[in-house]
Structure formats: C-alpha cells, structure tokens
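Asks: Sharing model.txt below, compact mmCIF, C-alpha atoms and all ligand atoms:
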```
# COMPACT_ATOMS: atom_id res chain seq x y z
CA VAL A 45 -25.87 3.43 -1.41
CA ALA A 46 -24.90 0.73 1.06
CA TYR A 47 -21.45 -0.82 0.83
CA LYS A 48 -20.38 -4.17 2.17
CA ILE A 49 -16.82 -4.00 3.43
CA ALA A 50 -14.80 -7.00 4.59
CA VAL A 51 -12.38 -6.13 7.39
CA ILE A 52 -9.32 -8.28 8.12
CA PRO A 53 -7.59 -6.60 11.09
CA GLY A 54 -4.75 -9.17 11.17
CA ASP A 55 -1.76 -9.12 13.52
CA GLY A 56 0.26 -6.75 15.68
CA ILE A 57 -0.76 -3.11 15.17
CA GLY A 58 -3.13 -4.12 12.34
CA PRO A 59 -6.22 -4.29 14.60
CA ASP A 60 -5.33 -1.01 16.40
CA VAL A 61 -4.97 1.11 13.27
CA THR A 62 -7.92 -0.58 11.55
CA LYS A 63 -10.16 0.27 14.51
CA GLU A 64 -9.37 3.96 13.98
CA ALA A 65 -10.04 3.76 10.24
CA ILE A 66 -13.46 2.28 10.99
CA LYS A 67 -14.08 4.97 13.59
CA VAL A 68 -13.52 7.59 10.90
CA LEU A 69 -15.71 5.80 8.33
CA GLU A 70 -18.50 5.42 10.88
CA ALA A 71 -18.35 9.10 11.80
CA LEU A 72 -18.52 9.95 8.12
CA GLN A 73 -21.57 7.81 7.43
CA LYS A 74 -23.38 9.47 10.35
CA MET A 75 -22.69 12.86 8.79
CA ASP A 76 -23.60 11.88 5.25
CA GLU A 77 -26.82 9.94 4.96
CA THR A 78 -26.39 9.21 1.25
CA PHE A 79 -24.10 6.29 2.00
CA SER A 80 -23.72 3.58 4.59
CA ILE A 81 -21.21 0.86 5.25
CA ASP A 82 -21.83 -2.61 6.54
CA PHE A 83 -18.61 -4.01 8.04
CA LYS A 84 -17.97 -7.70 8.39
CA PHE A 85 -14.93 -8.77 10.40
CA PHE A 86 -12.75 -11.75 9.55
CA GLU A 87 -10.46 -12.81 12.37
CA TRP A 88 -7.86 -14.36 10.10
CA GLY A 89 -4.14 -14.04 10.69
CA SER A 90 -1.41 -15.56 12.82
CA GLU A 91 -3.61 -16.36 15.85
CA TYR A 92 -5.98 -18.15 13.51
CA TYR A 93 -3.02 -20.01 12.03
CA LEU A 94 -1.74 -21.15 15.42
CA GLU A 95 -5.17 -22.54 16.17
CA HIS A 96 -6.19 -23.96 12.78
CA GLY A 97 -2.93 -24.50 10.90
CA LYS A 98 -3.94 -22.08 8.15
CA MET A 99 -4.06 -18.31 7.80
CA MET A 100 -7.66 -18.13 6.63
CA ALA A 101 -10.71 -20.32 6.22
CA ASP A 102 -10.61 -22.84 3.35
CA ASP A 103 -13.36 -20.97 1.56
CA GLY A 104 -11.90 -17.60 2.59
CA LEU A 105 -11.58 -16.20 -0.91
CA GLU A 106 -15.11 -17.34 -1.74
CA GLN A 107 -16.38 -15.46 1.33
CA LEU A 108 -14.47 -12.28 0.48
CA ARG A 109 -15.59 -12.24 -3.13
CA LYS A 110 -19.02 -10.90 -2.31
CA PHE A 111 -17.77 -7.68 -0.75
CA ASP A 112 -17.40 -4.28 -2.39
CA ALA A 113 -13.91 -3.85 -0.94
CA ILE A 114 -11.56 -5.21 1.70
CA LEU A 115 -9.90 -3.20 4.47
CA PHE A 116 -6.78 -5.05 5.56
CA GLY A 117 -4.68 -4.39 8.70
CA ALA A 118 -1.33 -6.15 8.56
CA VAL A 119 0.07 -9.61 9.13
CA GLY A 120 3.28 -10.86 10.68
CA ASP A 121 3.98 -12.56 13.97
CA ALA A 122 7.21 -13.93 15.45
CA ARG A 123 5.54 -17.32 16.03
CA VAL A 124 4.65 -17.81 12.36
CA PRO A 125 7.19 -17.76 9.52
CA ASP A 126 6.69 -14.69 7.31
CA GLU A 127 6.52 -16.88 4.23
CA ILE A 128 3.38 -18.47 5.65
CA SER A 129 1.68 -15.30 6.86
CA ILE A 130 2.37 -13.44 3.62
CA TRP A 131 1.87 -16.31 1.15
CA GLN A 132 -1.26 -17.74 2.75
CA LEU A 133 -3.17 -14.54 3.29
CA ILE A 134 -2.16 -11.36 1.44
CA MET A 135 -0.71 -12.99 -1.66
CA PRO A 136 -3.70 -15.23 -2.42
CA ILE A 137 -6.03 -12.23 -2.10
CA ARG A 138 -3.88 -10.01 -4.32
CA LYS A 139 -3.38 -12.72 -6.93
CA GLN A 140 -6.78 -14.44 -6.99
CA PHE A 141 -8.66 -11.16 -7.04
CA GLN A 142 -6.40 -9.90 -9.83
CA GLN A 143 -5.41 -6.83 -7.83
CA TYR A 144 -2.56 -6.26 -10.22
CA ILE A 145 -2.23 -2.58 -9.45
CA ASN A 146 -0.72 -1.48 -6.18
CA MET A 147 -1.22 2.27 -5.92
CA ARG A 148 0.84 4.14 -3.40
CA PRO A 149 0.56 7.90 -3.21
CA ILE A 150 3.77 9.60 -2.05
CA LYS A 151 2.46 12.94 -0.91
CA LYS A 152 3.91 15.20 1.71
CA LEU A 153 1.02 16.67 3.66
CA THR A 154 1.55 20.07 5.24
CA GLY A 155 2.70 19.61 8.79
CA ILE A 156 5.10 16.79 7.95
CA ASP A 157 8.78 17.53 8.47
CA SER A 158 10.82 16.22 5.59
CA PRO A 159 14.15 14.58 6.39
CA LEU A 160 15.49 16.32 3.28
CA LYS A 161 17.25 19.69 3.33
CA ASN A 162 15.37 20.70 0.22
CA ASP A 163 11.84 21.13 1.54
CA SER A 164 10.04 21.28 -1.81
CA PRO A 165 6.56 19.82 -2.26
CA ILE A 166 6.42 16.07 -2.89
CA ASP A 167 3.35 14.66 -4.57
CA PHE A 168 3.50 11.72 -6.91
CA MET A 169 1.84 8.36 -7.43
CA VAL A 170 3.68 5.06 -7.63
CA PHE A 171 2.04 2.16 -9.44
CA ARG A 172 3.66 -1.07 -8.40
CA GLU A 173 2.98 -4.25 -10.36
CA ASN A 174 1.25 -6.49 -7.86
CA ALA A 175 0.61 -9.88 -9.43
CA GLU A 176 3.84 -11.19 -10.90
CA GLY A 177 7.47 -10.12 -11.20
CA GLU A 178 10.08 -10.93 -8.62
CA TYR A 179 7.53 -12.07 -6.01
CA SER A 180 6.95 -15.47 -7.49
CA ASN A 181 7.12 -18.77 -5.67
CA ILE A 182 8.74 -20.50 -8.60
CA GLY A 183 12.18 -21.83 -7.83
CA GLY A 184 13.75 -23.99 -5.24
CA ARG A 185 16.71 -25.05 -3.15
CA LEU A 186 19.32 -27.48 -4.35
CA TYR A 187 22.23 -29.39 -2.80
CA GLN A 188 21.20 -28.49 0.72
CA GLU A 189 23.99 -28.62 3.29
CA GLN A 190 26.55 -29.28 0.59
CA PRO A 191 29.28 -26.85 -0.46
CA GLN A 192 27.56 -26.16 -3.76
CA GLU A 193 24.24 -25.35 -2.08
CA MET A 194 22.14 -23.00 -4.17
CA ALA A 195 18.76 -21.37 -4.44
CA ILE A 196 16.97 -20.39 -7.63
CA GLN A 197 14.15 -17.86 -7.58
CA ASN A 198 12.51 -17.06 -10.85
CA THR A 199 11.05 -13.74 -11.88
CA VAL A 200 7.97 -13.84 -14.05
CA ILE A 201 7.39 -10.88 -16.34
CA THR A 202 4.65 -11.26 -18.92
CA LYS A 203 3.94 -8.89 -21.75
CA GLN A 204 0.29 -8.70 -20.77
CA GLY A 205 1.24 -8.07 -17.15
CA VAL A 206 3.48 -5.13 -18.01
CA GLU A 207 1.03 -3.78 -20.56
CA ARG A 208 -1.83 -3.51 -18.09
CA ILE A 209 0.17 -1.80 -15.32
CA ALA A 210 1.80 0.59 -17.79
CA LYS A 211 -1.57 1.43 -19.31
CA TYR A 212 -3.03 2.06 -15.90
CA ALA A 213 -0.16 4.43 -15.07
CA PHE A 214 -0.54 6.34 -18.34
CA GLU A 215 -4.32 6.50 -18.02
CA TYR A 216 -3.91 7.90 -14.53
CA ALA A 217 -1.42 10.46 -15.86
CA LYS A 218 -3.83 11.47 -18.61
CA LYS A 219 -6.82 11.79 -16.30
CA ASN A 220 -4.88 13.87 -13.81
CA ASN A 221 -3.15 16.14 -16.34
CA LYS A 222 0.31 14.83 -15.59
CA THR A 223 3.05 15.31 -18.15
CA LYS A 224 5.44 12.50 -17.35
CA VAL A 225 5.62 8.84 -16.37
CA THR A 226 8.85 7.44 -14.91
CA SER A 227 9.61 3.75 -15.37
CA ALA A 228 11.92 1.86 -13.00
CA THR A 229 14.11 -0.67 -14.80
CA LYS A 230 17.40 -2.53 -14.63
CA SER A 231 17.64 -3.86 -18.16
CA ASN A 232 21.39 -3.29 -18.24
CA ALA A 233 21.92 -6.17 -15.81
CA ILE A 234 18.63 -8.09 -15.82
CA ILE A 235 18.65 -8.65 -19.53
CA HIS A 236 15.63 -10.87 -20.15
CA SER A 237 12.77 -9.83 -17.90
CA MET A 238 13.62 -6.14 -17.64
CA LYS A 239 14.11 -5.82 -21.40
CA LEU A 240 10.60 -7.12 -21.93
CA TRP A 241 9.47 -4.62 -19.29
CA ASP A 242 11.20 -1.73 -21.14
CA GLU A 243 9.93 -2.72 -24.58
CA THR A 244 6.38 -3.07 -23.37
CA VAL A 245 6.32 0.17 -21.39
CA ASN A 246 7.73 1.94 -24.46
CA GLU A 247 5.00 0.53 -26.67
CA VAL A 248 2.27 1.63 -24.28
CA ALA A 249 3.83 5.11 -24.03
CA GLY A 250 3.46 5.41 -27.80
CA ASP A 251 -0.33 5.56 -27.38
CA TYR A 252 -0.15 8.61 -25.12
CA GLU A 253 0.78 11.73 -26.95
CA GLY A 254 1.85 14.58 -24.72
CA ILE A 255 2.91 12.36 -21.84
CA GLU A 256 6.63 11.83 -21.69
CA LEU A 257 8.14 8.48 -20.67
CA GLU A 258 11.43 8.56 -18.80
CA SER A 259 13.17 5.38 -17.82
CA TYR A 260 15.81 5.03 -15.09
CA PHE A 261 17.78 2.16 -13.67
CA ILE A 262 16.42 1.39 -10.24
CA ASP A 263 19.66 2.21 -8.41
CA ALA A 264 19.87 5.68 -9.94
CA LEU A 265 16.15 6.21 -9.49
CA ALA A 266 16.45 5.48 -5.76
CA ALA A 267 19.06 8.24 -5.56
CA TYR A 268 16.85 10.66 -7.54
CA PHE A 269 13.99 9.97 -5.15
CA VAL A 270 16.17 11.47 -2.43
CA MET A 271 17.85 14.18 -4.51
CA ARG A 272 14.85 15.55 -6.39
CA PRO A 273 11.57 13.94 -5.31
CA GLU A 274 9.67 17.03 -6.48
CA SER A 275 10.42 16.10 -10.09
CA PHE A 276 8.25 12.96 -10.18
CA GLU A 277 4.60 12.79 -11.20
CA VAL A 278 3.78 9.14 -11.88
CA VAL A 279 6.15 6.22 -11.35
CA VAL A 280 5.61 2.70 -12.66
CA ALA A 281 7.63 -0.20 -11.29
CA SER A 282 7.79 -3.96 -10.99
CA ASN A 283 6.72 -5.72 -7.80
CA LEU A 284 10.09 -5.69 -6.01
CA PHE A 285 11.30 -2.34 -7.31
CA GLY A 286 7.97 -0.75 -6.45
CA ASP A 287 8.01 -2.22 -2.97
CA ILE A 288 11.42 -0.77 -2.18
CA LEU A 289 10.81 2.57 -3.90
CA THR A 290 7.58 3.15 -2.00
CA ASP A 291 9.12 2.50 1.43
CA LEU A 292 11.84 4.97 0.42
CA GLY A 293 9.19 7.39 -0.82
CA ALA A 294 7.29 6.93 2.45
CA ALA A 295 10.39 7.86 4.41
CA LEU A 296 10.53 11.18 2.52
CA VAL A 297 6.98 12.12 3.46
CA GLY A 298 6.69 11.17 7.12
CA GLY A 299 7.37 7.46 7.26
CA LEU A 300 5.46 4.21 7.23
CA GLY A 301 2.97 5.52 9.79
CA VAL A 302 1.44 7.91 7.24
CA SER A 303 1.70 5.95 3.98
CA PRO A 304 -1.41 4.33 2.48
CA SER A 305 -1.99 1.93 -0.40
CA GLY A 306 -4.64 0.31 -2.51
CA ASN A 307 -4.49 -3.08 -4.22
CA ILE A 308 -6.71 -2.44 -7.19
CA ASN A 309 -8.61 -4.76 -9.47
CA PRO A 310 -9.35 -2.28 -12.28
CA GLU A 311 -11.93 -4.48 -14.01
CA ARG A 312 -13.93 -4.56 -10.77
CA ASN A 313 -14.84 -8.20 -11.17
CA PHE A 314 -13.30 -8.80 -7.73
CA PRO A 315 -13.04 -6.61 -4.63
CA SER A 316 -10.02 -4.32 -4.26
CA MET A 317 -8.11 -4.22 -0.99
CA PHE A 318 -6.85 -1.22 0.96
CA GLU A 319 -4.07 -1.29 3.57
CA ALA A 320 -1.36 0.83 5.10
CA ILE A 321 1.95 -0.08 3.50
CA HIS A 322 3.51 -0.89 6.87
CA GLY A 323 3.54 -4.32 8.48
CA SER A 324 2.48 -5.53 11.92
CA ALA A 325 5.26 -3.54 13.69
CA PRO A 326 5.97 -6.08 16.45
CA ASP A 327 8.30 -3.59 18.16
CA ILE A 328 5.38 -1.31 19.08
CA ALA A 329 2.48 -3.78 19.02
CA GLY A 330 0.21 -3.69 22.06
CA LYS A 331 1.51 -0.31 23.20
CA GLY A 332 -1.32 1.75 21.73
CA ILE A 333 1.09 4.14 20.01
CA ALA A 334 0.92 3.03 16.35
CA ASN A 335 0.15 5.87 13.99
CA PRO A 336 -3.32 5.22 12.50
CA ILE A 337 -2.96 7.85 9.74
CA ALA A 338 -1.71 5.42 7.08
CA GLN A 339 -4.69 3.16 7.62
CA ILE A 340 -7.21 6.02 7.83
CA TRP A 341 -5.79 7.38 4.57
CA SER A 342 -6.08 3.88 3.05
CA ALA A 343 -9.77 3.94 4.01
CA ALA A 344 -9.99 7.28 2.18
CA LEU A 345 -8.50 5.64 -0.93
CA MET A 346 -11.17 2.97 -0.57
CA LEU A 347 -13.95 5.58 -0.57
CA GLU A 348 -12.43 7.16 -3.65
CA HIS A 349 -12.38 3.78 -5.36
CA LEU A 350 -16.04 3.26 -4.42
CA GLY A 351 -16.89 6.53 -6.17
CA HIS A 352 -16.69 9.14 -3.40
CA PRO A 353 -13.70 11.38 -4.12
CA ASP A 354 -15.29 14.18 -2.07
CA LEU A 355 -15.53 12.08 1.11
CA SER A 356 -12.04 10.80 0.51
CA ALA A 357 -10.72 14.35 0.20
CA ALA A 358 -12.53 15.32 3.41
CA ILE A 359 -10.68 12.60 5.33
CA VAL A 360 -7.30 13.58 3.89
CA SER A 361 -7.92 17.22 4.71
CA SER A 362 -8.81 16.31 8.31
CA ILE A 363 -5.58 14.32 8.57
CA GLU A 364 -3.72 17.33 7.23
CA THR A 365 -5.28 19.66 9.79
CA VAL A 366 -4.21 17.36 12.62
CA LEU A 367 -0.67 17.24 11.24
CA GLN A 368 -0.55 21.01 10.82
CA GLU A 369 -1.72 21.67 14.35
CA GLY A 370 0.93 19.21 15.52
CA GLU A 371 -0.60 18.74 18.97
CA ILE A 372 -2.04 15.23 18.77
CA LEU A 373 0.60 13.04 17.13
CA THR A 374 1.98 9.58 17.79
CA PRO A 375 5.67 9.12 18.77
CA ASP A 376 6.81 8.26 15.20
CA LEU A 377 5.97 11.89 14.32
CA GLY A 378 7.54 13.25 17.49
CA GLY A 379 4.32 13.38 19.53
CA LYS A 380 3.15 11.78 22.76
CA SER A 381 -0.40 10.80 21.83
CA THR A 382 -1.99 7.40 21.44
CA THR A 383 -3.44 5.67 18.40
CA SER A 384 -7.01 6.30 19.50
CA GLN A 385 -6.39 9.96 20.41
CA VAL A 386 -5.20 10.59 16.86
CA GLY A 387 -8.26 8.78 15.47
CA ASP A 388 -10.59 10.82 17.72
CA THR A 389 -8.96 14.09 16.68
CA ILE A 390 -9.31 13.27 12.98
CA VAL A 391 -13.01 12.56 13.59
CA GLU A 392 -13.35 15.93 15.37
CA LYS A 393 -11.80 17.76 12.41
CA LEU A 394 -14.10 15.92 10.06
CA LYS A 395 -17.11 17.15 12.01
CA GLN A 396 -15.85 20.72 11.84
CA GLN A 397 -15.66 20.71 8.03
P1 LIG B 401 6.90 -2.84 9.73
O1 LIG B 401 6.30 -1.96 8.71
O2 LIG B 401 5.96 -3.65 10.52
O3 LIG B 401 7.77 -1.94 10.75
C1 LIG B 401 8.93 -1.21 10.34
C2 LIG B 401 9.19 -0.07 11.35
O4 LIG B 401 8.22 0.96 11.16
C3 LIG B 401 9.07 -0.50 12.80
O5 LIG B 401 10.04 0.16 13.57
C4 LIG B 401 7.69 -0.05 13.18
O6 LIG B 401 7.53 0.23 14.54
C5 LIG B 401 7.50 1.20 12.34
N1 LIG B 401 6.07 1.38 12.00
C6 LIG B 401 5.36 0.67 11.09
N2 LIG B 401 4.10 1.08 11.07
C7 LIG B 401 3.99 2.06 11.98
C8 LIG B 401 2.90 2.88 12.42
N3 LIG B 401 1.66 2.77 11.92
N4 LIG B 401 3.15 3.79 13.41
C9 LIG B 401 4.38 3.93 13.91
N5 LIG B 401 5.44 3.20 13.53
C10 LIG B 401 5.24 2.26 12.58
O7 LIG B 401 7.96 -3.76 8.98
P2 LIG B 401 8.86 -4.97 9.51
O8 LIG B 401 9.30 -4.70 10.90
O9 LIG B 401 9.85 -5.17 8.46
O10 LIG B 401 7.93 -6.24 9.52
C11 LIG B 401 7.17 -6.68 10.65
C12 LIG B 401 6.22 -7.78 10.24
O11 LIG B 401 5.22 -7.25 9.34
C13 LIG B 401 6.89 -8.93 9.47
O12 LIG B 401 6.32 -10.12 9.92
C14 LIG B 401 6.55 -8.65 8.01
O13 LIG B 401 6.52 -9.81 7.23
C15 LIG B 401 5.18 -8.05 8.14
N6 LIG B 401 4.80 -7.17 7.02
C16 LIG B 401 3.50 -7.26 6.62
C17 LIG B 401 3.02 -6.44 5.63
C18 LIG B 401 1.57 -6.52 5.29
O14 LIG B 401 0.78 -7.01 6.08
N7 LIG B 401 1.15 -6.03 4.14
C19 LIG B 401 3.89 -5.47 4.95
C20 LIG B 401 5.23 -5.40 5.49
C21 LIG B 401 5.66 -6.25 6.48
MG MG B 402 6.76 -3.32 1.68
```
Can you present the structure in this file as structure tokens?
Ligand code: NAI
Ligand code: MG
Replies:
Amino acid sequence: VAYKIAVIPGDGIGPDVTKEAIKVLEALQKMDETFSIDFKFFEWGSEYYLEHGKMMADDGLEQLRKFDAILFGAVGDARVPDEISIWQLIMPIRKQFQQYINMRPIKKLTGIDSPLKNDSPIDFMVFRENAEGEYSNIGGRLYQEQPQEMAIQNTVITKQGVERIAKYAFEYAKKNNKTKVTSATKSNAIIHSMKLWDETVNEVAGDYEGIELESYFIDALAAYFVMRPESFEVVVASNLFGDILTDLGAALVGGLGVSPSGNINPERNFPSMFEAIHGSAPDIAGKGIANPIAQIWSAALMLEHLGHPDLSAAIVSSIETVLQEGEILTPDLGGKSTTSQVGDTIVEKLKQQ
C-alpha cells in the first residue's frame, strides 16, 4: 500500500519535530516494503500569513482533502495573534474534516520519571470532544471602553455531538477490554450545556453492559488525576475540559515533549490529523533542543489509524528503549542531546528490532 500524507510543519519547533517524525517513518518504510509513504509539504503557517495575509491557501482544505492523513507540526508566532493562527489553520481543518474526536493517550513509558510520589503505572486514553463545546466563535464584545464593558462567549453542546464522542469512548473501552469510562462534567454550575452532556453520556452508557460510567466534576477530576492517575482507563471530556485535563495528564507522564494526539474523523470521509499536543514553543524555537518524541509518537498513532498497529507499536517500543537507556534525551527530560540526535537514536533502535 502507498499512503499520501500531507505535512504541515507550521511554526516554531513544529518543523524541527516534524522532520524527526518523517525521518522515523522513512526509516520504517525502507525496512518494510509492504508499505510506502508519499509526503507532500504545505508551507502554511505564520510566515505564510505575514506574506499573504492568510494562514493557508484559499483552496487549502480542498487540497488537503485528497490525502490519507495529515501530519501537523504546531502553529503560533509572536508576530501573529493566536486567534488568527489557531482559527485560520487548525480549527478549520478540525471542524471541516469533522475530526470530532481528539484522542490523547496518557501513558507513562518506562524510563520516564513521574513527578508524583506514588510511582504507579499510568495508562489511560482521553477522548476530547473536538468540534464544538466551549471553543466556539459565537459571542462578542459589548460596551467597549465603557464601565459596563462585557464579553459573551457561547458554548455549543449538541446532543448529537455528545452522543458520537461518548459512543466512540465506549466503543474504544469495549474493544480494548476496559471496564470503566470516566466523564468530566460541571453540571452543578453549568446547568444547561453540561446537563445535556451528562444526560447524553448516561444514555450512551446504557448500551454498554459491563462497562461502568463514572462522572466527576472537572475540578475534582483534576485533583484525582494527580492523586490516583492509575485508576483511570478511558476519560471522555468536552473540548475545554479535555484540553486542560490532557496537559495535566501530560505533565504526569513526562510533559508536553512526549505527549501525542490524533484528531480523528471516525467515518473516514475526510483525512484525520496527527500532532503533538504541544504548541510552537517560542521559548526554545530555533535552538534545536525540542523533544521530538511527542511528534514521533503522533506519527505512530497515524500508522495505527492507517491500519498498521504493529508498525505503530514498533515505533513506541523504540521510543521506550531510548527513554529507558536515558543517554540520548533532550533538556526537558534532563538530557543534553539535540532534537535530531533523539530522532537518529529512535531510528537506530527501530533497526535493531
Ligand atoms: P507550548 O506547548 O508551545 O509550550 C509550553 C512549554 O512547554 C514551553 O516552555 C515549551 O518550551 C515546552 N515545550 C513544548 N513542547 C516541547 C517539546 N517538544 N520539547 C521540549 N519542550 C517543549 O505552549 P504555549 O507556550 O502556551 O504556546 C506557544 C504558542 O503555541 C502559542 O502561540 C499557542 O497559541 C500555540 N499553540 C499551538 C498549538 C497547536 O499548534 N496545536 C497547541 C498549543 C499552543
Ligand atoms: Mg492544549
């Protein structure tokens, strides 16, 4: 099989970590002749914006549509407001391509030092709603520069939107022999949208005998993530809650430098998009020290999505070996190595498998 992959390296450390992910994929396709990947690069992002006044080409989505998947670096640049970089590039892709599932594994690989005293294994999956919720551009500003100035930002929760993410979480639990799904809510204070969330998740849970649904208010759940992360199996959350919970989860398992994600279109009528959960990291951009593991792992999630769980597992196991050996690590993990040295070492381990 030959896959067509669209690559959007983006801004800051995005291109650096994406280069390493491609290095690993290319090494893999040399070793395994049953599959090949054709990469096409799209130089969209903040530089493109400064030159053309837009984050991507006018027919950008039309161009991307034809690909089997998208590998995305990161966007964000001090010269471009975040609302433009995010809302003109990532959001249109996520929304137009109906990538309504954001999957974020929170898994502590061996070799990672946990910041927690309790060093129990952590391995759960968070499904974050990715198409609606709190990240809506409905609302506005009123009475600007007057004492009564105000802003209104609406949250959009639809029954169908909650149903499909909840179903996806329960289906995943079923397929992977999990016993419990945890729902993040706040229906005690957010009494309209979060009540619809709760009711709908409850209804979906009714179709899955043998899988327990537990529901926690987001504030308490954040605390439980720290106090007993080993107790979670599958977590389902709205767009904002899922965003915050997964950065917290990432911090428990090695940080943003090792945390991958997939934006999934389950119906497969559009390409899905894979990206590290971190941003463009302007504080370390251009220094060659960004950790490429999150992006390499995201590429592994992409291979799994394309139907190659074995190749995906081979990449993750090579990452794990490098972490265990602890010799070639970037500064965020306490090492002194560069982005490309880590990528090279992961490729070496892959060849030794
Ligand atoms: P960030 O994730 O870029 O950085 C947060 C901290 O984590 C920084 O100290 C950074 O150095 C560190 N970090 C992140 N990735 C790392 C890696 N691979 N290796 C080592 N250290 C790493 O988040 P921040 O600073 O809040 O946002 C920076 C820019 O990125 C903003 O413009 C923001 O809008 C954008 N952003 C873009 C995202 C995307 O493209 N999907 C997601 C999150 C933020
Ligand atoms: Mg985030």
Asks: Is there a way to get, as a PyMOL selection string, all residues within 12 Å of the point (10.2, 2.8, -13.5) in file coordinates, counting all atoms listed in the file?
Replies: chain A and resi 169-173+206+209-210+213+224-231+238+241-242+245-246+257-266+268-269+276-290
Asks: Which chains and residue numbers are within 7 Å of ligand LIG 401 (chain B), counting only C-alpha atoms and all ligand atoms, if I want them as a list in words?
Replies: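 My answer, listing the contacting residues, is Val61, Gly117, Ala118, Val119, Gly120, Asp121, Ala122, Asp126, Ile130, Ile134, Leu300, Gly301, Val302, Ile321, His322, Gly323, Ser324, Ala325, Pro326, Asp327, Ile328, Ile333, Ala334, Asn335, Pro336, Ala338 and Asp376 of chain A.
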Asks: With C-alpha atoms retained, export the selected residues as a JSON list (two decimals), in the coordinates of the input.
Replies:
```json
[["chain", "number", "residue", "atom", "x", "y", "z"],
["A", 61, "VAL", "CA", -4.97, 1.11, 13.27],
["A", 117, "GLY", "CA", -4.68, -4.39, 8.70],
["A", 118, "ALA", "CA", -1.33, -6.15, 8.56],
["A", 119, "VAL", "CA", 0.07, -9.61, 9.13],
["A", 120, "GLY", "CA", 3.28, -10.86, 10.68],
["A", 121, "ASP", "CA", 3.98, -12.56, 13.97],
["A", 122, "ALA", "CA", 7.21, -13.93, 15.45],
["A", 126, "ASP", "CA", 6.69, -14.69, 7.31],
["A", 130, "ILE", "CA", 2.37, -13.44, 3.62],
["A", 134, "ILE", "CA", -2.16, -11.36, 1.44],
["A", 300, "LEU", "CA", 5.46, 4.21, 7.23],
["A", 301, "GLY", "CA", 2.97, 5.52, 9.79],
["A", 302, "VAL", "CA", 1.44, 7.91, 7.24],
["A", 321, "ILE", "CA", 1.95, -0.08, 3.50],
["A", 322, "HIS", "CA", 3.51, -0.89, 6.87],
["A", 323, "GLY", "CA", 3.54, -4.32, 8.48],
["A", 324, "SER", "CA", 2.48, -5.53, 11.92],
["A", 325, "ALA", "CA", 5.26, -3.54, 13.69],
["A", 326, "PRO", "CA", 5.97, -6.08, 16.45],
["A", 327, "ASP", "CA", 8.30, -3.59, 18.16],
["A", 328, "ILE", "CA", 5.38, -1.31, 19.08],
["A", 333, "ILE", "CA", 1.09, 4.14, 20.01],
["A", 334, "ALA", "CA", 0.92, 3.03, 16.35],
["A", 335, "ASN", "CA", 0.15, 5.87, 13.99],
["A", 336, "PRO", "CA", -3.32, 5.22, 12.50],
["A", 338, "ALA", "CA", -1.71, 5.42, 7.08],
["A", 376, "ASP", "CA", 6.81, 8.26, 15.20]]
```
Asks: Can you tell me which residues surround segment 346-348 of chain A at a distance of at most 7 Å, considering only C-alpha atoms, apart from same-chain residues fewer than 6 positions away, and format the answer as a compact mmCIF listing (two decimals) with C-alpha atoms, in the coordinates of the input?
Replies:
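Contents of selection_21.txt, freshly written:
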```
# COMPACT_ATOMS: atom_id res chain seq x y z
CA PHE A 318 -6.85 -1.22 0.96
CA LEU A 355 -15.53 12.08 1.11
CA SER A 356 -12.04 10.80 0.51
```
Asks: Find the residues around Leu105 of chain A up to 9 Å (only C-alpha atoms counted), leave out those fewer than 3 positions away in its own chain, and share them as a list in words.
Replies: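 Once the nearby chain positions are removed, what remains is Met100, Ala101, Asp102, Leu108, Arg109, Pro136, Ile137, Gln140 and Phe141 of chain A.
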Asks: May I have the centre and edge lengths, in Å to one decimal, of an axis-aligned box around the listed atoms of segment 334-347 of chain A with 3 Å added to every side, as AutoDock Vina command-line options?
Replies:
```
--center_x -6.5 --center_y 5.4 --center_z 7.7 --size_x 20.9 --size_y 10.9 --size_z 23.3
```
Asks: Taking 3 positions as the minimum chain separation for residues in the same chain, which residues sit within 9 Å of Leu240 of chain A when counting all atoms listed in the file? Answer as a list in words.
Replies: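 Counting only the stated atoms, we get Ile201, Thr202, Lys203, Val206, Ser231, Ile235, His236, Ser237, Glu243, Thr244 and Val245 of chain A.
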Asks: Nearest to Pro59 of chain A: which of A:Gln204, A:Ser316, A:Ser384, A:Ser129 is it, counting all atoms listed in the file?
Replies: A:Ser384
Asks: For ligand MG 402 (chain B), which residue out of A:Arg123, A:Lys63, A:Lys211, A:Arg148 is the nearest one, using all atoms listed in the file?
Replies: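 Selected residue with least distance to ligand MG 402 (chain B): A:Arg148.
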Asks: Between atom CA of Ile128 of chain A and atom CA of Ala195 of chain A, what is the spacing in Å?
Replies: 18.6 Å
Asks: The residues within 12 Å of (-17.7, 14.8, 14.7), using only C-alpha atoms and the coordinates of the file, should be reported as a CSV table (one decimal) with C-alpha atoms, keeping the file's coordinate frame; which are they?
Replies:
```
chain,number,residue,atom,x,y,z
A,67,LYS,CA,-14.1,5.0,13.6
A,68,VAL,CA,-13.5,7.6,10.9
A,69,LEU,CA,-15.7,5.8,8.3
A,70,GLU,CA,-18.5,5.4,10.9
A,71,ALA,CA,-18.4,9.1,11.8
A,72,LEU,CA,-18.5,10.0,8.1
A,73,GLN,CA,-21.6,7.8,7.4
A,74,LYS,CA,-23.4,9.5,10.4
A,75,MET,CA,-22.7,12.9,8.8
A,76,ASP,CA,-23.6,11.9,5.2
A,359,ILE,CA,-10.7,12.6,5.3
A,362,SER,CA,-8.8,16.3,8.3
A,387,GLY,CA,-8.3,8.8,15.5
A,388,ASP,CA,-10.6,10.8,17.7
A,389,THR,CA,-9.0,14.1,16.7
A,390,ILE,CA,-9.3,13.3,13.0
A,391,VAL,CA,-13.0,12.6,13.6
A,392,GLU,CA,-13.4,15.9,15.4
A,393,LYS,CA,-11.8,17.8,12.4
A,394,LEU,CA,-14.1,15.9,10.1
A,395,LYS,CA,-17.1,17.2,12.0
A,396,GLN,CA,-15.8,20.7,11.8
A,397,GLN,CA,-15.7,20.7,8.0
```
Asks: Calculate how many Å separate atom CA of Phe83 of chain A from atom CA of Ile49 of chain A, rounding to one decimal.
Replies: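 Atom CA of Ile49 of chain A lies at a distance of 4.9 Å from atom CA of Phe83 of chain A.
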Asks: What does the distance between atom CA of Ala65 of chain A and atom CA of Gly351 of chain A come to in Å, to one decimal place?
Replies: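 So the answer is 18.0 Å.
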Asks: Looking at all atoms listed in the file, which of A:Ile156, A:Ile182, A:Ile337, A:Ala329 is the one that sits closest to Gly370 of chain A?
Replies: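 Once distances to Gly370 of chain A are computed over all atoms listed in the file, the minimum belongs to A:Ile156.
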Asks: So that I can check the surroundings of Gln197 of chain A, please list as a ChimeraX atom specification every protein, DNA and RNA residue that reaches within 8 Å of it, counting only C-alpha atoms and ignoring chain neighbours fewer than 4 positions away.
Replies: /A:180-184
Asks: Ranking A:Ser381, A:Ser361, A:Ser303, A:Ser275 by minimum distance to ligand MG 402 (chain B) and counting only C-alpha atoms and all ligand atoms, which one comes first?
Replies: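 Using only C-alpha atoms and all ligand atoms, ligand MG 402 (chain B) sits closest to A:Ser303.
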Asks: Nearest to Met99 of chain A: which of A:Asp55, A:Glu77, A:Asp60, A:Asp112 is it, counting all atoms listed in the file?
Replies: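 That would be A:Asp55, the residue with the smallest distance to Met99 of chain A.
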